[in-house]
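Q: Provided herewith: target-v2.cif, mmCIF, C-alpha atoms.
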```
data_input
loop_
_atom_site.label_atom_id
_atom_site.label_comp_id
_atom_site.auth_asym_id
_atom_site.auth_seq_id
_atom_site.Cartn_x
_atom_site.Cartn_y
_atom_site.Cartn_z
CA MET F 706 178.68 14.56 -100.12
CA TYR F 707 176.48 12.19 -102.13
CA PRO F 708 174.14 13.48 -104.88
CA GLY F 709 170.91 14.89 -103.47
CA ALA F 710 172.41 15.51 -100.02
CA VAL F 711 171.70 19.25 -100.16
CA VAL F 712 167.98 18.67 -100.70
CA GLU F 713 167.80 15.79 -98.23
CA THR F 714 169.65 17.55 -95.42
CA GLY F 715 167.89 20.84 -96.18
CA ALA F 716 164.51 19.15 -95.76
CA ALA F 717 165.66 17.71 -92.42
CA ALA F 718 166.95 21.11 -91.25
CA LEU F 719 163.63 22.70 -92.22
CA LEU F 720 161.81 20.00 -90.24
CA PHE F 721 163.95 20.80 -87.19
CA ALA F 722 163.18 24.52 -87.54
CA VAL F 723 159.44 23.83 -87.79
CA ILE F 724 159.64 21.70 -84.64
CA PHE F 725 161.07 24.64 -82.70
CA LEU F 726 158.63 27.13 -84.19
CA ALA F 727 155.50 25.03 -83.69
CA GLY F 728 156.50 22.27 -81.28
CA GLY F 729 153.55 22.99 -79.03
CA HIS F 730 151.19 22.02 -81.83
CA ILE F 731 153.06 18.96 -83.14
CA HIS F 732 151.66 15.63 -81.98
CA PRO F 733 153.45 12.76 -83.80
CA LEU F 734 151.84 9.34 -83.54
CA ARG F 735 148.75 10.95 -82.01
CA ALA F 736 146.51 8.33 -83.61
CA LEU F 737 148.36 5.63 -81.65
CA VAL F 738 149.31 7.46 -78.43
CA ARG F 739 147.17 10.21 -76.94
CA ASP F 740 149.61 11.33 -74.25
CA ARG F 741 152.10 13.82 -75.75
CA ARG F 742 154.53 13.33 -72.87
CA THR F 743 154.69 9.60 -73.66
CA ILE F 744 155.69 10.40 -77.24
CA ILE F 745 158.40 12.76 -76.04
CA SER F 746 159.74 10.12 -73.66
CA PHE F 747 159.83 7.65 -76.54
CA GLY F 748 161.81 10.20 -78.59
CA ALA F 749 164.24 10.77 -75.75
CA GLY F 750 164.94 7.05 -75.72
CA MET F 751 165.52 7.17 -79.49
CA SER F 752 168.08 9.94 -79.19
CA ALA F 753 169.92 8.07 -76.44
CA ALA F 754 169.93 4.90 -78.58
CA TYR F 755 171.34 6.83 -81.53
CA VAL F 756 174.33 7.92 -79.46
CA PHE F 757 175.05 4.58 -77.80
CA VAL F 758 174.47 2.31 -80.83
CA HIS F 759 175.55 4.56 -83.72
CA VAL F 760 177.70 7.49 -82.62
CA ILE F 761 179.88 5.93 -79.95
CA PRO F 762 180.89 2.92 -82.12
CA GLU F 763 181.63 5.39 -84.91
CA LEU F 764 183.96 7.24 -82.55
CA GLN F 765 186.23 4.21 -82.47
CA GLY F 766 186.92 4.68 -86.16
CA MET F 767 187.25 8.43 -85.73
CA ARG F 768 189.81 7.84 -83.01
CA ARG F 769 192.02 6.26 -85.65
CA VAL F 770 191.30 9.09 -88.09
CA LEU F 771 192.22 11.61 -85.41
CA THR F 772 195.60 10.01 -84.73
CA GLU F 773 196.40 9.83 -88.45
CA SER F 774 195.19 13.26 -89.59
CA ALA F 775 195.42 15.67 -86.67
CA PRO F 776 198.13 18.32 -87.19
CA TRP F 777 199.27 17.90 -83.60
CA PHE F 778 200.58 15.09 -81.45
CA THR F 779 197.74 12.91 -80.13
CA PRO F 780 198.84 11.13 -76.94
CA LEU F 781 197.30 7.86 -75.75
CA ASP F 782 196.43 6.84 -79.33
CA GLY F 783 193.67 9.43 -79.66
CA LYS F 784 191.79 8.59 -76.47
CA GLY F 785 191.17 12.30 -76.13
CA ILE F 786 188.17 11.93 -78.42
CA TYR F 787 186.35 10.09 -75.64
CA PHE F 788 187.38 12.75 -73.17
CA LEU F 789 185.81 15.36 -75.44
CA ALA F 790 182.53 13.41 -75.31
CA LEU F 791 182.76 13.73 -71.53
CA VAL F 792 183.37 17.47 -71.95
CA GLY F 793 180.17 17.79 -74.00
CA PHE F 794 178.31 15.92 -71.27
CA LEU F 795 179.68 18.18 -68.54
CA VAL F 796 179.25 21.44 -70.45
CA PHE F 797 175.51 20.96 -70.75
CA TYR F 798 175.25 19.83 -67.16
CA GLY F 799 177.03 23.07 -66.30
CA ILE F 800 174.65 25.11 -68.45
CA ASP F 801 171.65 23.62 -66.66
CA HIS F 802 173.26 24.16 -63.26
CA LEU F 803 174.12 27.78 -64.11
CA ARG F 804 170.59 28.37 -65.40
CA GLN F 805 169.12 27.14 -62.10
CA HIS F 806 171.49 29.38 -60.14
CA LEU F 807 170.77 32.47 -62.24
CA SER F 808 167.01 31.96 -62.25
CA GLY F 809 166.95 32.46 -58.50
CA HIS F 810 169.10 35.59 -58.47
CA HIS F 811 168.30 37.55 -61.62
CA ALA F 812 165.37 38.86 -63.60
CA SER F 813 163.28 36.35 -65.53
CA GLY F 814 162.06 36.64 -69.11
CA GLU F 815 164.03 37.07 -72.29
CA THR F 816 166.18 39.81 -70.71
CA GLY F 817 167.27 37.58 -67.83
CA SER F 818 170.66 35.92 -67.56
CA ALA F 819 169.13 32.47 -67.07
CA PHE F 820 167.21 32.80 -70.34
CA ARG F 821 170.29 33.93 -72.27
CA VAL F 822 172.44 31.13 -70.87
CA GLN F 823 169.93 28.38 -71.59
CA VAL F 824 168.77 29.56 -75.01
CA GLY F 825 172.32 30.47 -76.03
CA GLY F 826 173.60 27.03 -75.07
CA PHE F 827 170.84 25.23 -76.96
CA ALA F 828 171.28 27.54 -79.96
CA ALA F 829 174.92 26.44 -80.23
CA TYR F 830 173.79 22.83 -79.73
CA ALA F 831 171.18 23.06 -82.50
CA LEU F 832 173.65 24.76 -84.85
CA LEU F 833 176.25 22.04 -84.40
CA MET F 834 173.63 19.30 -84.80
CA ALA F 835 172.52 20.80 -88.12
CA TYR F 836 176.11 21.18 -89.29
CA LEU F 837 176.83 17.52 -88.58
CA LEU F 838 173.63 16.60 -90.41
CA VAL F 839 175.30 17.87 -93.60
CA HIS F 840 178.72 16.34 -92.88
CA ASP F 841 177.82 12.80 -91.99
CA LEU F 842 180.96 10.91 -91.07
CA GLU F 843 179.89 7.83 -93.04
CA GLY F 844 178.75 9.74 -96.13
CA ASN F 845 175.83 7.49 -97.08
CA ARG F 846 172.13 7.89 -97.81
CA VAL F 847 170.94 5.62 -95.03
CA SER F 848 172.35 7.54 -92.09
CA THR F 849 170.78 10.91 -92.95
CA PRO F 850 167.13 9.89 -92.47
CA ILE F 851 168.11 7.83 -89.41
CA PHE F 852 169.86 10.85 -87.90
CA ALA F 853 166.96 13.12 -88.85
CA ALA F 854 164.33 10.87 -87.26
CA ALA F 855 166.17 10.57 -83.97
CA ILE F 856 167.07 14.24 -83.73
CA ALA F 857 163.57 15.40 -84.75
CA PHE F 858 162.13 13.59 -81.74
CA HIS F 859 165.00 14.84 -79.60
CA PHE F 860 164.41 18.45 -80.64
CA LEU F 861 160.70 18.02 -79.88
CA ALA F 862 161.70 17.01 -76.35
CA VAL F 863 164.03 20.04 -76.14
CA ASP F 864 161.20 22.30 -77.31
CA HIS F 865 158.80 20.81 -74.76
CA SER F 866 161.31 21.23 -71.94
CA LEU F 867 162.25 24.82 -72.78
CA ARG F 868 158.63 25.82 -73.36
CA GLY F 869 157.75 24.51 -69.91
CA GLU F 870 160.70 26.18 -68.17
CA LEU F 871 160.80 29.53 -69.98
CA GLY F 872 157.13 30.05 -70.76
CA GLN F 873 156.18 33.12 -72.77
CA ALA F 874 159.81 34.21 -73.14
CA TYR F 875 160.43 31.08 -75.16
CA ASP F 876 157.38 31.70 -77.35
CA ARG F 877 158.34 35.33 -77.94
CA VAL F 878 162.06 34.91 -78.58
CA GLY F 879 163.61 31.52 -77.76
CA ARG F 880 161.91 29.38 -80.39
CA PHE F 881 162.90 31.77 -83.16
CA VAL F 882 166.53 31.77 -81.99
CA LEU F 883 166.67 27.98 -82.03
CA ALA F 884 164.92 27.66 -85.40
CA GLY F 885 167.34 30.22 -86.86
CA SER F 886 170.31 28.38 -85.35
CA VAL F 887 169.28 25.13 -87.05
CA LEU F 888 169.02 26.80 -90.45
CA ALA F 889 172.29 28.67 -89.87
CA GLY F 890 174.06 25.41 -88.97
CA TRP F 891 172.78 23.78 -92.15
CA GLY F 892 173.86 26.78 -94.23
CA ILE F 893 177.33 26.79 -92.71
CA GLY F 894 177.55 23.06 -93.37
CA ILE F 895 176.79 23.59 -97.05
CA LEU F 896 179.41 26.35 -97.37
CA VAL F 897 182.17 25.19 -95.02
CA THR F 898 183.76 21.76 -94.70
CA LEU F 899 185.93 21.15 -91.66
CA PRO F 900 188.86 18.73 -91.72
CA VAL F 901 187.96 15.15 -90.88
CA TYR F 902 189.66 15.31 -87.48
CA ALA F 903 187.61 18.40 -86.59
CA LEU F 904 184.41 16.59 -87.58
CA ALA F 905 185.40 13.70 -85.34
CA LEU F 906 185.99 16.04 -82.42
CA SER F 907 182.65 17.78 -83.03
CA MET F 908 180.83 14.46 -83.13
CA ALA F 909 182.47 13.42 -79.88
CA PHE F 910 181.39 16.63 -78.16
CA ILE F 911 177.82 16.44 -79.43
CA SER F 912 177.43 12.79 -78.42
CA GLY F 913 178.14 13.68 -74.80
CA ALA F 914 175.79 16.66 -75.05
CA VAL F 915 172.95 14.50 -76.41
CA ILE F 916 173.31 12.04 -73.53
CA MET F 917 173.20 14.80 -70.94
CA ASN F 918 170.29 16.67 -72.52
CA SER F 919 168.25 13.48 -72.87
CA ALA F 920 168.90 12.77 -69.19
CA LEU F 921 168.07 16.31 -68.06
CA MET F 922 164.78 16.34 -69.95
CA GLU F 923 163.66 12.81 -69.20
CA LEU F 924 165.13 11.14 -66.14
CA PRO F 925 164.35 13.40 -63.14
CA SER F 926 160.95 12.55 -61.68
CA GLU F 927 159.92 16.20 -61.42
CA LYS F 928 160.15 16.40 -65.22
CA ASP F 929 157.13 14.05 -65.46
CA GLY F 930 158.98 11.52 -67.56
CA ARG F 931 157.60 8.19 -68.75
CA PHE F 932 159.88 5.25 -67.95
CA LEU F 933 158.43 2.55 -70.21
CA PRO F 934 158.16 4.72 -73.36
CA PHE F 935 161.73 5.94 -72.78
CA VAL F 936 163.01 2.36 -72.53
CA LEU F 937 160.86 1.20 -75.43
CA GLY F 938 162.08 4.02 -77.67
CA GLY F 939 165.68 3.23 -76.80
CA VAL F 940 165.39 -0.54 -77.31
CA LEU F 941 163.37 -0.46 -80.55
CA TYR F 942 165.42 2.26 -82.19
CA GLY F 943 168.65 0.66 -80.99
CA LEU F 944 167.64 -2.63 -82.62
CA LEU F 945 166.80 -0.80 -85.84
CA LEU F 946 170.24 0.80 -85.87
CA MET F 947 171.83 -2.59 -85.31
CA LEU F 948 169.99 -4.02 -88.31
CA VAL F 949 170.88 -1.21 -90.72
CA GLY F 950 174.48 -1.14 -89.56
#
```
Translate this structure into structure tokens?
A:
Amino acid sequence: MYPGAVVETGAAALLFAVIFLAGGHIHPLRALVRDRRTIISFGAGMSAAYVFVHVIPELQGMRRVLTESAPWFTPLDGKGIYFLALVGFLVFYGIDHLRQHLSGHHASGETGSAFRVQVGGFAAYALLMAYLLVHDLEGNRVSTPIFAAAIAFHFLAVDHSLRGELGQAYDRVGRFVLAGSVLAGWGIGILVTLPVYALALSMAFISGAVIMNSALMELPSEKDGRFLPFVLGGVLYGLLLMLVG
């Protein structure tokens, strides 16, 4: 961990927590774009670009690290790391599918099964995101603010989606759970360092999860997404990532 990383990552984790606590009142770029949904669509494109341009190429290097450092036999030259990205994708598709099923058969509100499944899944997601914020696989100063910018917009989209689906239950309980999970993930990251192969596996899982969550929140027409801002966010942020390496 480079000097100043604790302060830098702590500030980013605090920003994420504030987004969950007060996402309904946060309007980034409001002076330029009046429509909040457009901004969220732009952020969803940014988070997708971060995975495709930054994380997935990084997984190629982590595949090699996995084969060299894992304390078990890694068949197929570590291709399992890509399979784990697929697992992350499918797990969050499953969480959304289960939430839809439970919402039609059980009580609503913070005591309902659908609420616990959805908020619990995103709490684990936020915790792992914050942990990986501390343990950047490249270990440089540039990637932390890049990660923070993309994930801040992504978490704003998560907050918007959950607030719309869960309503008052999210305001009463859910937002505090997610904000606490972010801070807990950062704290665990400061105190606990996983082996490199475990970090690679975690990054693989979260990359698949980010793709699925961006799709769930943005792509279906009933979610009131904005196509052009989504594409613009993805293209512009993807080009930025290409330039900074």
Q: Given the file above and the PyMOL selection byres ((chain F and resi 720-726) around 6), which residues are selected, and can you give them as a list in words?
A: Ala717, Ala718, Leu719, Ala727, Gly728, Ala857, Asp864, Arg880 and Ala884 of chain F
Q: Using all atoms listed in the file, which of F:Phe860, F:Met834, F:Leu933, F:Met917 sits nearest F:Ala753?
A: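 Answer, going by the shortest atom-to-atom distance: F:Met917.
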Q: Quick one: residues within 9 Å of F:Gly885, all atoms listed in the file, excluding same-chain residues fewer than 4 positions away - as an mmCIF file with C-alpha atoms, in the frame of the given file?
A:
```cif
data_model
loop_
_atom_site.group_PDB
_atom_site.id
_atom_site.type_symbol
_atom_site.label_atom_id
_atom_site.label_comp_id
_atom_site.auth_asym_id
_atom_site.auth_seq_id
_atom_site.Cartn_x
_atom_site.Cartn_y
_atom_site.Cartn_z
ATOM 1 C CA ALA F 722 163.180 24.520 -87.540
ATOM 2 C CA ALA F 828 171.280 27.540 -79.960
ATOM 3 C CA LEU F 832 173.650 24.760 -84.850
ATOM 4 C CA ARG F 880 161.910 29.380 -80.390
ATOM 5 C CA PHE F 881 162.900 31.770 -83.160
ATOM 6 C CA ALA F 889 172.290 28.670 -89.870
ATOM 7 C CA GLY F 890 174.060 25.410 -88.970
#
```
Q: Give me, please, the distance in Å between atom CA of F:Tyr787 and atom CA of F:Leu764, quoted to one decimal.
A: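 The value is 7.8 Å.
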Q: Can you build me a table of stretch 841-922 of chain F residues sitting at most 9 Å from stretch 709-714 of chain F, with the closest atom pair per residue and its distance in Å to one decimal, using all atoms listed in the file, sorted by chain and residue number, as CSV?
A:
```
residue,atom,partner,partner_atom,distance
F:Arg846,CA,F:Ala710,CA,7.9
F:Thr849,CA,F:Thr714,CA,7.2
F:Pro850,CA,F:Glu713,CA,8.3
F:Ala853,CA,F:Thr714,CA,8.4
F:Trp891,CA,F:Thr714,CA,7.7
F:Ile895,CA,F:Val711,CA,7.4
```
Q: Give me the result of the PyMOL selection byres ((chain F and resi 819) around 8) on this file, residue by residue, as a ChimeraX atom specification.
A: /F:803-808,811,813,817-818,820-823
Q: Give as JSON, numbers by chain the residues that the PyMOL selection byres ((chain F and resi 945-947) around 9) matches when applied to the coordinates above.
A: {"F": [754, 755, 758, 759, 851, 940, 941, 942, 943, 944, 948, 949, 950]}
Q: Hey, can I get the axis-aligned box for stretch 878-883 of chain F? All listed atoms, 5 Å padding on each side, centre and edge lengths in Å to one decimal, as lines of an AutoDock Vina configuration file.
A:
```
center_x = 164.3
center_y = 31.4
center_z = -80.5
size_x = 14.8
size_y = 16.9
size_z = 15.4
```
Q: Write out as a list in words each polymer residue whose atoms come within 9 Å of F:Thr898, counting all atoms listed in the file; drop sequence neighbours fewer than 5 positions from it.
A: His840, Ile893 and Leu904 of chain F
Q: Taking only C-alpha atoms into account, which of F:Val760, F:Ile800, F:Val839, F:Ala829 comes nearest F:Leu899?
A: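 For F:Leu899, the nearest of the given residues is F:Val839.
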Q: State, in Å with one decimal place, the distance from atom CA of F:Leu867 to atom CA of F:Phe788.
A: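 Pair atom CA of F:Leu867 / atom CA of F:Phe788 returns 27.9 Å.
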Q: What does the structure give for the distance between atom CA of F:Asn918 and atom CA of F:Ala749, in Å to one decimal?
A: 9.0 Å
Q: Please identify all polymer residues within 7 Å of stretch 772-774 of chain F, counting only C-alpha atoms, omitting same-chain residues fewer than 4 positions from it, and present them as a list in words.
A: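 So, after excluding close chain neighbours, the residues are Arg768, Thr779, Asp782, Gly783 and Tyr902 of chain F.
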Q: Between F:Ala855, F:Ser907, F:Ala835, F:Pro762, which residue has the minimum interatomic distance to F:Gly939, considering only C-alpha atoms?
A: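 So, comparing all the options, the nearest one is F:Ala855.
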Q: Tell me which protein, DNA and RNA residues are within 9 Å of F:Gly748, counting all atoms listed in the file, leaving out same-chain ones fewer than 3 positions away, and put them as a PDB file with C-alpha atoms, in the coordinates of the input.
A:
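The resulting around_9.pdb:
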```pdb
ATOM      1  CA  THR F 743     154.690   9.600 -73.660  1.00  0.00           C
ATOM      2  CA  ILE F 744     155.690  10.400 -77.240  1.00  0.00           C
ATOM      3  CA  ILE F 745     158.400  12.760 -76.040  1.00  0.00           C
ATOM      4  CA  MET F 751     165.520   7.170 -79.490  1.00  0.00           C
ATOM      5  CA  SER F 752     168.080   9.940 -79.190  1.00  0.00           C
ATOM      6  CA  ALA F 753     169.920   8.070 -76.440  1.00  0.00           C
ATOM      7  CA  ALA F 855     166.170  10.570 -83.970  1.00  0.00           C
ATOM      8  CA  ILE F 856     167.070  14.240 -83.730  1.00  0.00           C
ATOM      9  CA  ALA F 857     163.570  15.400 -84.750  1.00  0.00           C
ATOM     10  CA  PHE F 858     162.130  13.590 -81.740  1.00  0.00           C
ATOM     11  CA  HIS F 859     165.000  14.840 -79.600  1.00  0.00           C
ATOM     12  CA  PHE F 860     164.410  18.450 -80.640  1.00  0.00           C
ATOM     13  CA  LEU F 861     160.700  18.020 -79.880  1.00  0.00           C
ATOM     14  CA  ALA F 862     161.700  17.010 -76.350  1.00  0.00           C
ATOM     15  CA  PRO F 934     158.160   4.720 -73.360  1.00  0.00           C
ATOM     16  CA  PHE F 935     161.730   5.940 -72.780  1.00  0.00           C
ATOM     17  CA  GLY F 938     162.080   4.020 -77.670  1.00  0.00           C
ATOM     18  CA  GLY F 939     165.680   3.230 -76.800  1.00  0.00           C
TER      19      GLY F 939
END
```
